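Chemist: coords17.tsv is reproduced below (TSV, C-alpha atoms and all ligand atoms).
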chain	number	residue	atom	x	y	z
F	1	MET	CA	0.00	0.00	0.00
F	2	ILE	CA	1.19	3.46	-0.93
F	3	TYR	CA	-0.26	6.45	0.95
F	4	ASP	CA	0.00	10.05	-0.27
F	5	VAL	CA	-0.57	12.49	2.61
F	6	HIS	CA	-0.40	15.74	0.64
F	7	ALA	CA	-3.14	16.11	-1.99
F	8	HIS	CA	-5.74	18.82	-2.41
F	9	CYS	CA	-9.40	18.57	-3.33
F	10	VAL	CA	-12.33	20.88	-4.07
F	11	PRO	CA	-15.48	18.74	-4.30
F	12	GLU	CA	-17.63	19.93	-7.18
F	13	GLY	CA	-20.70	20.26	-4.98
F	14	LEU	CA	-18.84	22.67	-2.71
F	15	VAL	CA	-18.33	25.23	-5.48
F	16	THR	CA	-21.96	24.87	-6.59
F	17	ASP	CA	-23.10	25.48	-3.01
F	18	LEU	CA	-20.79	28.44	-2.66
F	19	ARG	CA	-22.23	30.04	-5.81
F	20	ARG	CA	-25.67	29.70	-4.23
F	21	GLN	CA	-24.49	31.23	-0.96
F	22	SER	CA	-22.04	33.73	-2.43
F	23	LYS	CA	-23.51	36.70	-0.55
F	24	ARG	CA	-23.36	34.96	2.81
F	25	PHE	CA	-19.72	33.93	2.32
F	26	GLN	CA	-18.75	37.26	0.72
F	27	SER	CA	-17.64	35.55	-2.47
F	28	SER	CA	-17.35	36.58	-6.09
F	29	PHE	CA	-16.25	34.49	-9.06
F	30	GLU	CA	-14.05	35.13	-12.06
F	31	GLU	CA	-14.13	32.58	-14.88
F	32	THR	CA	-10.71	31.93	-16.46
F	33	PRO	CA	-9.55	29.35	-19.05
F	34	ARG	CA	-7.87	27.39	-16.23
F	35	GLY	CA	-10.92	27.37	-13.98
F	36	VAL	CA	-12.86	29.73	-11.76
F	37	LYS	CA	-11.07	32.06	-9.36
F	38	VAL	CA	-12.96	32.75	-6.15
F	39	ASN	CA	-12.58	35.87	-4.10
F	40	MET	CA	-13.76	35.15	-0.55
F	41	ALA	CA	-13.76	38.05	1.88
F	42	GLY	CA	-10.91	39.72	0.01
F	43	PHE	CA	-8.64	36.70	-0.62
F	44	THR	CA	-8.47	35.57	-4.25
F	45	THR	CA	-7.70	31.95	-5.06
F	46	LEU	CA	-5.67	30.61	-7.93
F	47	PRO	CA	-7.95	29.05	-10.57
F	48	ILE	CA	-9.80	25.99	-9.26
F	49	ASN	CA	-8.66	23.62	-11.97
F	50	GLU	CA	-10.20	20.37	-13.12
F	51	GLY	CA	-7.57	18.35	-11.24
F	52	LEU	CA	-8.81	19.74	-7.92
F	53	ILE	CA	-12.39	18.84	-8.75
F	54	SER	CA	-12.59	15.72	-10.92
F	55	LEU	CA	-12.71	12.43	-9.05
F	56	ASP	CA	-12.13	10.43	-12.25
F	57	ARG	CA	-9.03	12.37	-13.15
F	58	ARG	CA	-7.76	11.98	-9.57
F	59	LEU	CA	-8.21	8.21	-9.63
F	60	GLU	CA	-6.58	7.94	-13.06
F	61	THR	CA	-3.58	9.90	-11.81
F	62	MET	CA	-3.29	7.83	-8.65
F	63	ASP	CA	-3.37	4.62	-10.70
F	64	ARG	CA	-0.67	5.97	-12.99
F	65	GLN	CA	1.45	7.02	-9.99
F	66	GLY	CA	0.95	3.73	-8.15
F	67	VAL	CA	-0.66	5.54	-5.19
F	68	ASN	CA	-3.35	3.49	-3.44
F	69	VAL	CA	-4.70	6.07	-1.00
F	70	GLN	CA	-4.72	9.86	-1.05
F	71	VAL	CA	-5.34	11.83	2.12
F	72	LEU	CA	-7.46	14.69	0.81
F	73	SER	CA	-7.10	18.18	2.20
F	74	ALA	CA	-8.74	21.47	1.23
F	75	PHE	CA	-7.38	23.76	-1.47
F	76	ILE	CA	-5.48	26.08	0.89
F	77	ASP	CA	-6.59	29.19	-1.06
F	78	LEU	CA	-10.23	28.37	-0.35
F	79	VAL	CA	-10.16	27.94	3.44
F	80	GLY	CA	-11.78	31.32	4.11
F	81	TYR	CA	-9.49	32.54	6.91
F	82	GLU	CA	-10.49	36.14	6.09
F	83	LEU	CA	-14.15	35.56	7.00
F	84	GLU	CA	-15.41	36.68	10.42
F	85	ALA	CA	-15.01	33.93	13.01
F	86	ASP	CA	-18.59	32.59	12.98
F	87	LEU	CA	-18.80	32.57	9.19
F	88	GLY	CA	-15.34	31.02	9.02
F	89	ALA	CA	-16.52	28.22	11.27
F	90	GLU	CA	-19.57	27.71	9.08
F	91	TRP	CA	-17.49	27.61	5.93
F	92	SER	CA	-15.04	25.10	7.48
F	93	ARG	CA	-17.97	22.86	8.43
F	94	SER	CA	-19.35	23.00	4.85
F	95	TYR	CA	-15.96	22.22	3.36
F	96	ASN	CA	-15.34	19.35	5.78
F	97	GLU	CA	-18.70	17.70	5.24
F	98	SER	CA	-18.28	18.05	1.49
F	99	LEU	CA	-14.75	16.59	1.63
F	100	VAL	CA	-15.87	13.61	3.70
F	101	LEU	CA	-18.73	12.97	1.30
F	102	GLU	CA	-16.26	13.01	-1.60
F	103	ALA	CA	-13.86	10.68	0.22
F	104	THR	CA	-16.61	8.18	1.02
F	105	ARG	CA	-17.37	7.78	-2.69
F	106	ARG	CA	-14.23	5.62	-2.72
F	107	PRO	CA	-13.44	4.73	0.90
F	108	ASP	CA	-10.80	2.31	-0.34
F	109	ARG	CA	-8.88	5.15	-2.04
F	110	PHE	CA	-9.37	8.23	0.13
F	111	ARG	CA	-9.05	9.54	3.67
F	112	SER	CA	-9.35	13.20	4.57
F	113	LEU	CA	-8.08	16.08	6.68
F	114	ALA	CA	-10.31	18.92	7.85
F	115	THR	CA	-9.91	22.63	7.46
F	116	VAL	CA	-10.37	24.59	10.70
F	117	PRO	CA	-11.14	28.30	11.15
F	118	ILE	CA	-7.85	29.44	12.66
F	119	GLN	CA	-9.07	33.04	12.72
F	120	ASP	CA	-10.55	31.97	16.09
F	121	GLY	CA	-8.71	29.43	18.25
F	122	GLU	CA	-11.75	28.18	20.11
F	123	SER	CA	-13.81	27.63	16.94
F	124	ALA	CA	-10.82	25.89	15.35
F	125	ALA	CA	-10.53	23.51	18.31
F	126	VAL	CA	-14.27	22.79	18.22
F	127	GLU	CA	-14.18	22.06	14.49
F	128	LEU	CA	-11.12	19.82	14.85
F	129	GLU	CA	-12.85	17.75	17.52
F	130	TYR	CA	-16.01	17.48	15.39
F	131	ALA	CA	-14.04	16.56	12.27
F	132	VAL	CA	-12.08	13.80	14.01
F	133	SER	CA	-14.72	12.45	16.40
F	134	LYS	CA	-17.86	12.82	14.29
F	135	LEU	CA	-16.70	12.91	10.67
F	136	GLY	CA	-13.86	10.40	11.03
F	137	MET	CA	-11.25	12.73	9.55
F	138	LEU	CA	-7.59	12.18	10.44
F	139	GLY	CA	-6.86	15.72	11.65
F	140	ALA	CA	-6.55	19.07	9.92
F	141	GLN	CA	-4.58	21.08	7.44
F	142	VAL	CA	-3.50	24.39	8.96
F	143	GLY	CA	-2.23	27.39	7.00
F	144	THR	CA	0.99	29.08	8.06
F	145	HIS	CA	-0.54	32.42	9.13
F	146	ILE	CA	-3.58	34.66	8.91
F	147	GLY	CA	-2.48	38.12	7.93
F	148	GLU	CA	-0.06	39.19	10.63
F	149	ARG	CA	-1.21	36.59	13.19
F	150	GLN	CA	1.11	33.62	13.37
F	151	LEU	CA	0.82	30.11	14.71
F	152	ASP	CA	2.36	30.82	18.12
F	153	ASP	CA	-0.47	33.28	18.81
F	154	PRO	CA	-1.83	32.52	22.32
F	155	ASP	CA	-5.34	32.28	20.88
F	156	LEU	CA	-4.32	29.09	19.05
F	157	GLU	CA	-3.12	27.27	22.20
F	158	GLN	CA	-6.52	25.60	22.50
F	159	LEU	CA	-6.26	24.27	18.94
F	160	TRP	CA	-2.85	22.74	19.60
F	161	ALA	CA	-4.05	21.33	22.93
F	162	LYS	CA	-6.98	19.68	21.16
F	163	ALA	CA	-4.77	18.33	18.38
F	164	SER	CA	-2.38	16.91	20.94
F	165	ALA	CA	-5.19	15.35	23.00
F	166	LEU	CA	-6.65	13.75	19.86
F	167	GLY	CA	-3.24	12.57	18.67
F	168	CYS	CA	-4.30	13.68	15.23
F	169	LEU	CA	-2.46	14.85	12.12
F	170	ILE	CA	-1.78	18.52	11.52
F	171	LEU	CA	-0.60	19.22	7.98
F	172	LEU	CA	1.23	22.53	8.08
F	173	HIS	CA	0.77	24.22	4.71
F	174	PRO	CA	1.85	27.60	3.25
F	175	ARG	CA	-1.00	29.82	2.16
F	176	ASP	CA	-0.10	33.44	1.53
F	177	PRO	CA	3.64	33.33	0.93
F	178	LEU	CA	5.33	36.17	2.75
F	179	GLY	CA	2.18	38.28	2.67
F	180	ARG	CA	2.65	41.73	1.29
F	181	LEU	CA	6.32	41.51	0.35
F	182	PRO	CA	6.73	42.59	-3.31
F	183	ILE	CA	7.93	39.23	-4.63
F	184	ASP	CA	5.67	38.52	-7.58
F	185	ASP	CA	8.43	38.47	-10.19
F	186	TYR	CA	10.38	35.37	-11.24
F	187	MET	CA	7.60	33.24	-9.70
F	188	ILE	CA	9.48	33.73	-6.42
F	189	ARG	CA	6.33	33.78	-4.31
F	190	GLN	CA	5.79	30.13	-5.24
F	191	LEU	CA	9.37	28.95	-5.69
F	192	ILE	CA	10.90	30.44	-2.55
F	193	GLY	CA	8.08	32.18	-0.70
F	194	ARG	CA	6.19	28.99	0.04
F	195	PRO	CA	9.02	27.00	1.63
F	196	ALA	CA	10.26	30.17	3.36
F	197	GLU	CA	6.84	30.75	4.89
F	198	THR	CA	6.63	27.14	6.05
F	199	THR	CA	10.05	27.48	7.66
F	200	LEU	CA	8.96	30.63	9.49
F	201	ALA	CA	5.76	29.01	10.76
F	202	VAL	CA	7.34	25.81	12.02
F	203	GLY	CA	10.26	27.76	13.45
F	204	ARG	CA	7.87	29.92	15.47
F	205	MET	CA	5.99	26.85	16.74
F	206	MET	CA	9.30	25.37	17.79
F	207	LEU	CA	10.99	28.39	19.39
F	208	SER	CA	7.87	29.66	21.16
F	209	GLY	CA	7.45	26.36	23.00
F	210	VAL	CA	4.18	25.33	21.24
F	211	LEU	CA	5.72	21.99	20.27
F	212	ASP	CA	7.00	21.35	23.82
F	213	ARG	CA	3.58	22.04	25.29
F	214	HIS	CA	1.64	19.89	22.81
F	215	PRO	CA	3.73	16.87	21.95
F	216	GLY	CA	0.80	14.58	21.11
F	217	MET	CA	-0.01	16.01	17.68
F	218	ASN	CA	1.55	14.54	14.57
F	219	LEU	CA	2.82	17.63	12.78
F	220	ILE	CA	3.53	17.09	9.07
F	221	VAL	CA	5.56	19.83	7.43
F	222	VAL	CA	5.00	19.91	3.67
F	223	HIS	CA	7.55	20.36	0.90
F	224	GLY	CA	10.15	18.43	2.84
F	225	GLY	CA	9.97	20.87	5.76
F	226	GLY	CA	10.78	23.98	3.73
F	227	PHE	CA	14.30	25.07	4.68
F	228	LEU	CA	14.04	23.79	8.25
F	229	PRO	CA	16.14	20.61	8.13
F	230	TYR	CA	18.94	22.39	6.27
F	231	GLN	CA	19.00	25.30	8.75
F	232	VAL	CA	18.46	23.44	12.02
F	233	GLY	CA	22.04	24.10	13.10
F	234	ARG	CA	21.58	27.86	12.87
F	235	ILE	CA	18.27	27.70	14.73
F	236	ARG	CA	19.88	25.61	17.49
F	237	GLN	CA	22.45	28.36	18.02
F	238	GLY	CA	19.65	30.58	19.31
F	239	LEU	CA	19.51	28.49	22.47
F	240	ALA	CA	23.01	29.59	23.40
F	241	PHE	CA	21.77	33.16	23.93
F	242	PRO	CA	20.10	34.17	27.22
F	243	LYS	CA	16.35	33.60	27.20
F	244	SER	CA	15.96	37.05	28.69
F	245	VAL	CA	17.34	38.40	25.41
F	246	THR	CA	15.76	36.03	22.87
F	247	GLY	CA	12.41	35.30	24.51
F	248	ILE	CA	12.77	31.74	23.24
F	249	GLY	CA	10.28	29.48	25.01
F	250	ALA	CA	11.50	26.15	23.62
F	251	ILE	CA	12.69	23.59	26.14
F	252	SER	CA	13.81	20.88	23.74
F	253	ASP	CA	16.69	21.18	21.34
F	254	PRO	CA	15.52	22.13	17.80
F	255	THR	CA	17.17	18.95	16.49
F	256	ASP	CA	14.95	16.86	18.77
F	257	HIS	CA	11.89	18.81	17.62
F	258	MET	CA	12.94	18.29	14.03
F	259	LYS	CA	13.15	14.53	14.56
F	260	ALA	CA	9.74	14.47	16.26
F	261	MET	CA	7.87	15.92	13.26
F	262	TYR	CA	6.97	14.40	9.91
F	263	TYR	CA	7.87	15.63	6.42
F	264	ASP	CA	6.55	14.89	2.96
F	265	THR	CA	8.73	13.92	0.01
F	266	VAL	CA	7.85	16.91	-2.21
F	267	LEU	CA	11.38	18.16	-2.84
F	268	ASN	CA	11.92	17.38	-6.55
F	269	ASP	CA	15.59	16.62	-6.05
F	270	PRO	CA	17.05	13.19	-5.23
F	271	GLY	CA	19.96	14.59	-3.22
F	272	ALA	CA	17.67	16.77	-1.11
F	273	LEU	CA	15.33	13.84	-0.46
F	274	ARG	CA	18.22	11.60	0.59
F	275	ALA	CA	19.50	14.36	2.90
F	276	LEU	CA	16.05	14.77	4.45
F	277	VAL	CA	15.78	11.05	5.19
F	278	GLU	CA	19.25	11.08	6.71
F	279	MET	CA	18.62	14.16	8.86
F	280	VAL	CA	15.17	13.39	10.25
F	281	GLY	CA	15.30	9.60	10.01
F	282	PRO	CA	13.35	7.25	7.70
F	283	GLY	CA	10.59	6.99	10.31
F	284	ARG	CA	9.65	10.64	9.80
F	285	VAL	CA	9.14	10.88	6.05
F	286	LEU	CA	5.85	10.32	4.22
F	287	VAL	CA	4.94	10.31	0.55
F	288	GLY	CA	3.41	13.53	-0.74
F	289	SER	CA	2.51	14.76	-4.22
F	290	ASP	CA	0.80	18.14	-3.73
F	291	TYR	CA	-1.69	16.89	-6.31
F	292	PRO	CA	-2.83	18.44	-8.64
F	293	PHE	CA	-0.28	21.25	-8.72
F	294	ALA	CA	2.49	21.33	-11.31
F	295	LEU	CA	4.99	22.52	-8.69
F	296	GLY	CA	4.31	19.39	-6.66
F	297	ASP	CA	5.77	15.97	-7.31
F	298	LEU	CA	3.38	14.19	-9.61
F	299	ASP	CA	5.47	11.01	-9.80
F	300	PRO	CA	6.40	10.46	-6.15
F	301	LEU	CA	7.45	6.82	-6.44
F	302	ARG	CA	9.85	7.65	-9.23
F	303	SER	CA	11.33	10.35	-6.99
F	304	LEU	CA	11.94	7.75	-4.29
F	305	ALA	CA	13.58	5.45	-6.85
F	306	GLU	CA	15.77	8.28	-8.16
F	307	ALA	CA	16.90	8.97	-4.61
F	308	GLY	CA	17.86	5.30	-4.27
F	309	ILE	CA	15.23	4.70	-1.59
F	310	GLU	CA	14.23	1.05	-1.55
F	311	GLY	CA	13.68	-1.97	0.69
F	312	GLU	CA	12.78	-1.35	4.31
F	313	VAL	CA	13.15	2.44	4.07
F	314	PHE	CA	10.80	2.48	1.07
F	315	GLU	CA	8.24	0.47	3.06
F	316	MET	CA	8.47	2.91	5.95
F	317	ILE	CA	8.04	6.02	3.84
F	318	THR	CA	5.23	4.69	1.68
F	319	ARG	CA	3.21	2.73	4.27
F	320	VAL	CA	4.52	1.96	7.75
F	321	ASN	CA	4.99	5.55	8.96
F	322	TYR	CA	1.50	6.49	7.84
F	323	GLU	CA	-0.13	3.46	9.43
F	324	THR	CA	1.74	4.04	12.69
F	325	MET	CA	0.79	7.72	12.72
F	326	VAL	CA	-2.94	7.21	12.13
F	327	ALA	CA	-3.33	4.13	14.34
F	328	ASN	CA	-4.12	6.13	17.47
F	329	VAL	CA	-5.90	9.18	16.04
F	330	GLY	CA	-8.79	10.12	18.31
F	331	SER	CA	-7.99	7.55	20.96
F	332	ARG	CA	-5.61	9.52	23.18
F	333	ASP	CA	-6.72	10.57	26.63
F	334	GLU	CA	-7.19	14.26	27.34
O	401	ZN	ZN	-0.13	21.61	-1.09
Would you put the structure from the file into structure tokens?
Ligand SMILES: [Zn+2]
Modeler:
Amino acid sequence: MIYDVHAHCVPEGLVTDLRRQSKRFQSSFEETPRGVKVNMAGFTTLPINEGLISLDRRLETMDRQGVNVQVLSAFIDLVGYELEADLGAEWSRSYNESLVLEATRRPDRFRSLATVPIQDGESAAVELEYAVSKLGMLGAQVGTHIGERQLDDPDLEQLWAKASALGCLILLHPRDPLGRLPIDDYMIRQLIGRPAETTLAVGRMMLSGVLDRHPGMNLIVVHGGGFLPYQVGRIRQGLAFPKSVTGIGAISDPTDHMKAMYYDTVLNDPGALRALVEMVGPGRVLVGSDYPFALGDLDPLRSLAEAGIEGEVFEMITRVNYETMVANVGSRDE
């Protein structure tokens, strides 16, 4: 069995529903040759292409890739973090129910992760609990920031506490790469902004002490962890400075944190993938594709082969790590 933990989905019915409720969810639509772009409460998505929507195309691609099961998560552009908290919670619920319905069309091929309204920590924790306990989802995808609020914001403590208590998956995913920085040339927002933003977010969770306080969640950092594994030595140096100067709240060494998280294989370079496996250990790497995006890795098993990953390590990355990680979701004690 081959599991892909990083794949995005917009169920067709969700967009139809949104068109019907566009006023409520402050949404407008722009048709483009590559699909519709949605503006929700001021945030405009990339085009919602056929790959995000079509179940048939998804299954065809998975068969071609040799992937048995995709773990579906929301299209990160469409999570509605800019909506007011109560509307954001409502939108997350709609998306989650729609995603579960889509996944149950082929329960042998799909599992799913929720989206949670991180614009309000309490609502996000409530939705996570509902998604895992009632909808049977494996956890949630969480964007790297909401405007200027970042993931070590005290308001989100309750979300991390819930995730840790549930022992669920949290897929950390870039959303609005480096915000308002003028980096739209050379495609830099996608090429460098996304992994940079992921590195910032996970670095803040680490150095603030969030990860020390909530060790029960299974944090998956996409795109091979951004620049984190490569820069862990520099980050570790911060601990040598007085806490009174740095404000660092981390108790554990960043290297230990790094080895306690999970990473997907979306690196598109065999040397980088080999280095990741060596640095974090083969027990911490999971297959990802970032389906259906061209910047993802749409042939993940070939990437493993090109990196020379085979035998027991191949089994761990494609199956064992996933099965171990999801075995106890929802069954941890508070
Ligand atoms: Zn992605």
Chemist: Select from chain F every residue with an atom at most 9 Å from any atom of ligand ZN 401 (chain O), then for each give the shortest pair of atoms and their distance in Å to one decimal, using only C-alpha atoms and all ligand atoms, rows by chain and rising number, as JSON lines.
Modeler:
{"residue": "F:His6", "atom": "CA", "partner": "O:ZN401", "partner_atom": "ZN", "distance": 6.1}
{"residue": "F:Ala7", "atom": "CA", "partner": "O:ZN401", "partner_atom": "ZN", "distance": 6.3}
{"residue": "F:His8", "atom": "CA", "partner": "O:ZN401", "partner_atom": "ZN", "distance": 6.4}
{"residue": "F:Ser73", "atom": "CA", "partner": "O:ZN401", "partner_atom": "ZN", "distance": 8.4}
{"residue": "F:Ala74", "atom": "CA", "partner": "O:ZN401", "partner_atom": "ZN", "distance": 8.9}
{"residue": "F:Phe75", "atom": "CA", "partner": "O:ZN401", "partner_atom": "ZN", "distance": 7.6}
{"residue": "F:Ile76", "atom": "CA", "partner": "O:ZN401", "partner_atom": "ZN", "distance": 7.2}
{"residue": "F:His173", "atom": "CA", "partner": "O:ZN401", "partner_atom": "ZN", "distance": 6.4}
{"residue": "F:Pro174", "atom": "CA", "partner": "O:ZN401", "partner_atom": "ZN", "distance": 7.7}
{"residue": "F:Arg175", "atom": "CA", "partner": "O:ZN401", "partner_atom": "ZN", "distance": 8.9}
{"residue": "F:Val222", "atom": "CA", "partner": "O:ZN401", "partner_atom": "ZN", "distance": 7.2}
{"residue": "F:His223", "atom": "CA", "partner": "O:ZN401", "partner_atom": "ZN", "distance": 8.0}
{"residue": "F:Gly288", "atom": "CA", "partner": "O:ZN401", "partner_atom": "ZN", "distance": 8.8}
{"residue": "F:Ser289", "atom": "CA", "partner": "O:ZN401", "partner_atom": "ZN", "distance": 8.0}
{"residue": "F:Asp290", "atom": "CA", "partner": "O:ZN401", "partner_atom": "ZN", "distance": 4.5}
{"residue": "F:Tyr291", "atom": "CA", "partner": "O:ZN401", "partner_atom": "ZN", "distance": 7.2}
{"residue": "F:Pro292", "atom": "CA", "partner": "O:ZN401", "partner_atom": "ZN", "distance": 8.6}
{"residue": "F:Phe293", "atom": "CA", "partner": "O:ZN401", "partner_atom": "ZN", "distance": 7.6}
{"residue": "F:Gly296", "atom": "CA", "partner": "O:ZN401", "partner_atom": "ZN", "distance": 7.5}
Chemist: Excluding F:Met40 and residues on its chain fewer than 6 positions from it, collect all residues at most 7 Å away from it, counting all atoms listed in the file, and give them as a list in words.
Modeler: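 Returned residues: Phe25, Gln26, Ser27, Ser28 and Gly80 of chain F.
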Chemist: Compile the contact shell of F:Leu301 as a compact mmCIF listing (two decimals) with C-alpha atoms, keeping the file's coordinate frame: residues with an atom at most 12 Å away, counting only C-alpha atoms, same-chain residues fewer than 6 positions apart removed.
Modeler:
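What landed in part-v5.txt:
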# COMPACT_ATOMS: atom_id res chain seq x y z
CA MET F 1 0.00 0.00 0.00
CA ILE F 2 1.19 3.46 -0.93
CA TYR F 3 -0.26 6.45 0.95
CA ASP F 4 0.00 10.05 -0.27
CA MET F 62 -3.29 7.83 -8.65
CA ASP F 63 -3.37 4.62 -10.70
CA ARG F 64 -0.67 5.97 -12.99
CA GLN F 65 1.45 7.02 -9.99
CA GLY F 66 0.95 3.73 -8.15
CA VAL F 67 -0.66 5.54 -5.19
CA ASN F 68 -3.35 3.49 -3.44
CA THR F 265 8.73 13.92 0.01
CA VAL F 266 7.85 16.91 -2.21
CA ASN F 268 11.92 17.38 -6.55
CA PRO F 270 17.05 13.19 -5.23
CA LEU F 286 5.85 10.32 4.22
CA VAL F 287 4.94 10.31 0.55
CA GLY F 288 3.41 13.53 -0.74
CA SER F 289 2.51 14.76 -4.22
CA ALA F 307 16.90 8.97 -4.61
CA GLY F 308 17.86 5.30 -4.27
CA ILE F 309 15.23 4.70 -1.59
CA GLU F 310 14.23 1.05 -1.55
CA PHE F 314 10.80 2.48 1.07
CA GLU F 315 8.24 0.47 3.06
CA ILE F 317 8.04 6.02 3.84
CA THR F 318 5.23 4.69 1.68
Chemist: If you count only C-alpha atoms, which residues fall within 9 Å of F:Ser252, apart from same-chain ones fewer than 2 positions away, as a PyMOL selection string?
Modeler: chain F and resi 206+209+211-212+250+254-257
Chemist: Tell me which of F:Ala161, F:Ala260, F:Ala305, F:Met137 sits closest to F:His214, counting all atoms listed in the file.
Modeler: F:Ala161
Chemist: Taking all atoms listed in the file into account, which of F:Asn218, F:Thr199, F:Ser208, F:Ser94 comes nearest F:Thr324?
Modeler: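 Nearest to F:Thr324: F:Asn218.
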Chemist: Need the neighbours of (-9.4, 27.8, -17.5): which residues are at most 9 Å away, counting all atoms listed in the file, as number ranges by chain?
Modeler: F: 31-36, 47-50
Chemist: Could you list, as a ChimeraX atom specification, every residue within 7 Å of stretch 275-280 of chain F, counting only C-alpha atoms and ignoring same-chain residues fewer than 6 positions away?
Modeler: /F:229,258-259
Chemist: Just how far from atom CA of F:Arg236 is atom CA of F:Leu273, in Å to one decimal?
Modeler: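 Computed distance, atom CA of F:Leu273 to atom CA of F:Arg236, equals 21.9 Å.
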Chemist: F:Pro11, F:Glu157, F:Val69, F:Gly88: which is nearest F:Asp108, counting all atoms listed in the file?
Modeler: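 Closest candidate: F:Val69.
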Chemist: Please report the interatomic distance between atom CA of F:Phe227 and atom CA of F:Thr198 in Å with one decimal.
Modeler: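 According to the coordinates, atom CA of F:Phe227 and atom CA of F:Thr198 are separated by 8.1 Å.
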Chemist: Which residues are near F:Ala131? Cut-off 9 Å, all atoms listed in the file, ignore same chain within fewer than 4 positions. Put them as a PyMOL selection string.
Modeler: chain F and resi 93+96-97+113-116+126-127+135-140
Chemist: Using only C-alpha atoms, pick whichever of F:Asp77, F:Phe29, F:Leu151, F:Arg204 has the shortest atom-to-atom distance to F:Ile248.
Modeler: F:Arg204
Chemist: Interatomic distance between atom CA of F:Tyr81 and atom CA of F:Ile118?
Modeler: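 Here the two named atoms are 6.7 Å from each other.
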